[in-house]
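Everything below concerns the one structure shown next.
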Amino acid sequence: MPQVNGRFVPDMKSPRTPDNEEPAEERAHDFRPVDKGFTKEMALAEAERCMDCKKPLCVEGCPVNIKIPKFIEKIREQDFGAALDIIHEDSMLPAICGRVCPQENQCEGRCIRGKKSEPVAIGQLERFLGDQPELASKPQMKPANGKKVAVIGSGPSGITCAGELARNGFDVTVFEAFFTGGGVLVYGIPEFRLPKAVVKREIDGLKELGVKFEFNSVMGNLANADELLNEKGFDAIYVATGAGLPKFLNIPGENLPNVYFANEYLTRVNLMKANKFPEYDTPTKHAKQVVVFGGGNVAMDAVRTAKRLGAERAIIAYRFTTPRPRASRSCRLSRRSSSSPARTATCAP
Ligand SMILES: Cc1cc2nc3c(=O)[nH]c(=O)nc-3n(C[C@H](O)[C@H](O)[C@H](O)COP(=O)(O)OP(=O)(O)OC[C@H]3O[C@@H](n4cnc5c(N)ncnc54)[C@H](O)[C@@H]3O)c2cc1C
Ligand code: SF4
């Protein structure tokens with residue numbers, strides 16, 4: 001680690017370490033992860049690029065204010081456990097956030113290094129650490145306080161809340177409508193961007209902290225708030241049921257066969273394994289020509305899934321003419337073509 005007068009000197013010459021991606025033509029045919037993540041050598045090289053700024057704007061850009069230069073410093077020292085502990089002070093989900101957070105609009109979007117060259121690959125460094133959970137110290141648990149909390153929904157909001165409460169001595173039960181935990185992380189975001197094993201590892205970690213999970217439990221049907229509070233002995237309820245309903249376009253034909261809303265399409269494939277029909281019971285259309293309306297993460301996940309299901313032509317149609325649709329980097333487009341008034345684009349698979 002280069003130093004002058006005892007102070008670390010960043011590597012100002014090296015370009016940003018490129019993502020460790022599978023070549024597009026190879027990855028487009030199956031659901032294996034597109035990005036293999038940084039190796040130790042890549043992480044160390046990237047950590048040298050951080051300038052350890054006095055006023056680190058990256059921290060302001062992070063919604064939970066992770067102490068980014070501090071954990072990067074620990075990476076440089078090769079003390080990966082301490083680096084992970086620093087992240088855990090503010091976020092329990094680094095393996096997930098490192099993969100799917102829109103860093104380019106948050107921490108990396110504010111990184112001072114990015115003003116003159118490419119920002120530090122903060123997300124990749126976070127993921128590198130998050131993928132080694134065994135290095136972290138055991139979380140400090142406060143003694144049980146005798147209070148019971150029901151968390152409804154096991155998406156990122158529910159599991160984050162459950163983890164925080166459990167560490168603070170609460171007795172937490174998560175009620176989840178589906179047969180498995182993770183919410184959109186498992187039924188929306190495809191395996192090639194966020195492997196289910198990563199989400200399962202986080203859920204298993206919560207179980208080790210004492211959080212109980214009740215799956216196949218549609219709250220409202222199974223019990224309402226009054227029953228939870230007055231009959232089942234809960235002191236509080238945290239509702240984390242997400243925003244799963246699609247927004248209808250009200251255009252002719254949207255109810256025709258083979259027109260899907262993205263959540264249904266993605267749930268069929270991601271959760272119900274429609275890509276393996278008839279080995280699994282859920283079917284879906286394996287179309288050769290697919291058009292997806294939208295320009296965010298959901299649209300990108302849908303169009304990339306269609307490609308993997310065998311579409312010869314998979315197109316994004318986007319209503320705005322901004323330079324780039326609103327998907328995060330892990331869903332980005334490879335090229336665009338103009339088609340007024342909306343834009344269409346083919347997507348990097
Ligand atoms: C396809 C897709 C891709 C995305 N990609 C990204 C991305 O790359 N980056 C990013 O930052 N964000 C992304 N998002 C958005 C992100 O996933 C959501 O903001 C996030 O999942 C919201 O978390 P949540 O916990 O509030 O809700 P959810 O993840 O929706 O979880 C809600 C949970 O509540 C359960 N539930 C609902 N009703 C009940 C009930 N009555 N009883 C019991 N359980 C119930 C549901 O089954 C679900 O498991 C994406 C969203 C989608 C759909
Ligand atoms: S702004 Fe960028 S260079 Fe500065 S501390 Fe944060 S990650 Fe490092």
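Identifiers in the structure tokens: chain A, B, ... in order shown; residue index from 1 per chain; ligand index from 1 in order shown.
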
task: Pull the helix (DSSP H, G or I) assignments for range 191-225 of chain A out of DSSP run on the backbone, and list those residues as number ranges by chain.
output: A: 196-208, 225

Store the residues picked out above in a file with C-alpha atoms, as a compact mmCIF listing (two decimals), in the first residue's frame.
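Saved as again30.txt:
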# COMPACT_ATOMS: atom_id res chain seq x y z
CA LYS A 196 -31.52 -17.01 -5.08
CA ALA A 197 -28.81 -18.65 -2.97
CA VAL A 198 -27.60 -15.16 -1.99
CA VAL A 199 -31.07 -14.19 -0.77
CA LYS A 200 -31.52 -17.52 1.01
CA ARG A 201 -28.22 -16.96 2.82
CA GLU A 202 -29.53 -13.65 4.18
CA ILE A 203 -32.81 -15.24 5.29
CA ASP A 204 -30.93 -18.12 6.94
CA GLY A 205 -28.76 -15.54 8.74
CA LEU A 206 -31.91 -13.95 10.17
CA LYS A 207 -33.16 -17.33 11.34
CA GLU A 208 -29.87 -17.75 13.19
CA ALA A 225 -54.22 -6.43 12.66

Within-6 Å residues of ligand 2, basis only C-alpha atoms and all ligand atoms, as a VMD selection string: chain A and resid 50 to 53 56 to 58 69 111 to 113 120

Write a file of the selected residues as a PDB file, in the first residue's frame, keeping C-alpha atoms.
ATOM      1  CA  CYS A  50     -10.112   5.388  -3.572  1.00  0.00           C
ATOM      2  CA  MET A  51      -8.703   8.795  -2.550  1.00  0.00           C
ATOM      3  CA  ASP A  52      -9.912   8.494   1.067  1.00  0.00           C
ATOM      4  CA  CYS A  53     -11.496  11.938   0.677  1.00  0.00           C
ATOM      5  CA  PRO A  56     -16.457  11.730   1.094  1.00  0.00           C
ATOM      6  CA  LEU A  57     -19.470  12.573  -1.052  1.00  0.00           C
ATOM      7  CA  CYS A  58     -19.949   8.848  -1.719  1.00  0.00           C
ATOM      8  CA  PRO A  69     -13.802   5.117   2.623  1.00  0.00           C
ATOM      9  CA  CYS A 111     -17.755   9.705  -5.949  1.00  0.00           C
ATOM     10  CA  ILE A 112     -15.213  12.522  -6.296  1.00  0.00           C
ATOM     11  CA  ARG A 113     -12.924  10.285  -8.308  1.00  0.00           C
ATOM     12  CA  VAL A 120     -14.485   3.873  -7.604  1.00  0.00           C
TER      13      VAL A 120
END

message: Just the number, please: distance in Å from CA of Thr173 in chain A to CA of Ala150 in chain A, one decimal.
response: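 CA of Ala150 in chain A lies 5.1 Å from CA of Thr173 in chain A.
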
- request: Return as a ChimeraX atom specification every polymer residue, whether protein, DNA or RNA, with at least one atom no more than 6 Å from an atom of ligand 1; count only C-alpha atoms and all ligand atoms.
  value: /A:100-102,152-158,175-178,182-185,188-189,217-220,240-244,297-298,301,328

Could you save those same residues with C-alpha atoms as a tab-separated table (two decimals), in the first residue's frame?
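To be explicit, this is the file written out as part_38.tsv:
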chain	number	residue	atom	x	y	z
A	100	VAL	CA	-28.68	-4.53	-7.36
A	101	CYS	CA	-28.40	-1.05	-5.82
A	102	PRO	CA	-28.30	1.68	-8.48
A	152	ILE	CA	-45.71	-8.65	7.16
A	153	GLY	CA	-43.75	-9.37	3.99
A	154	SER	CA	-40.23	-10.71	3.56
A	155	GLY	CA	-38.86	-8.41	0.85
A	156	PRO	CA	-35.80	-6.24	1.54
A	157	SER	CA	-37.87	-3.92	3.74
A	158	GLY	CA	-39.28	-6.74	5.89
A	175	PHE	CA	-45.36	-13.54	7.79
A	176	GLU	CA	-44.89	-14.07	4.05
A	177	ALA	CA	-47.62	-14.79	1.50
A	178	PHE	CA	-45.34	-16.79	-0.79
A	182	GLY	CA	-37.16	-12.44	-0.30
A	183	GLY	CA	-40.06	-10.70	-2.07
A	184	VAL	CA	-39.05	-9.09	-5.35
A	185	LEU	CA	-35.49	-10.25	-4.73
A	188	GLY	CA	-38.83	-10.32	-9.66
A	189	ILE	CA	-35.07	-10.01	-10.07
A	217	SER	CA	-49.32	-16.81	5.24
A	218	VAL	CA	-51.43	-14.15	3.52
A	219	MET	CA	-52.06	-11.69	6.30
A	220	GLY	CA	-55.45	-10.10	6.17
A	240	ALA	CA	-43.72	-4.38	4.33
A	241	THR	CA	-46.00	-5.73	1.63
A	242	GLY	CA	-44.31	-3.90	-1.24
A	243	ALA	CA	-45.98	-2.43	-4.31
A	244	GLY	CA	-46.69	-5.54	-6.32
A	297	ASN	CA	-35.04	-2.36	-14.07
A	298	VAL	CA	-38.27	-4.30	-14.44
A	301	ASP	CA	-35.22	-7.96	-16.41
A	328	SER	CA	-29.55	0.61	-13.04

field: Those in range 109-335 of chain A with strand (DSSP E or B) from DSSP, as JSON, numbers by chain
entry: {"A": [148, 149, 150, 151, 152, 171, 172, 173, 174, 175, 212, 213, 214, 236, 237, 238, 239, 289, 290, 291, 292, 293, 313, 314, 315, 316, 317, 318, 333, 334, 335]}

- prompt: Any idea what's packed within 12 Å of Lys285 in chain A, counting only C-alpha atoms, ignoring anything in its chain fewer than 3 positions away? Could you give it as a PyMOL selection string?
  reply: chain A and resi 257-260+264-266+268-269+274-277+282+288-290+305-307+309-311

message: Can you tell me which residues surround His88 in chain A at a distance of at most 10 Å, considering only C-alpha atoms, apart from same-chain residues fewer than 4 positions away, and format the answer as a PyMOL selection string?
response: chain A and resi 66-67+82-84+92-94+130+136-137+139

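Shortest separation to Asn145 in chain A among A:Val64, A:Val34, A:Val186, A:Ala166 occurs at residue A:Ala166, atoms counted being only C-alpha atoms.
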
task: May I ask for the distance between CA of Ala327 in chain A and CA of Glu48 in chain A, given in Å to one decimal place?
output: 28.6 Å

query: Met42 in chain A: which residues within 12 Å, counting only C-alpha atoms, same-chain residues fewer than 2 positions away excluded, as number ranges by chain?
result: A: 14-20, 36-40, 44-49, 75-76, 121, 124-125, 128

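Here CA of His286 in chain A is placed at a distance of 28.7 Å from CA of Asn216 in chain A.
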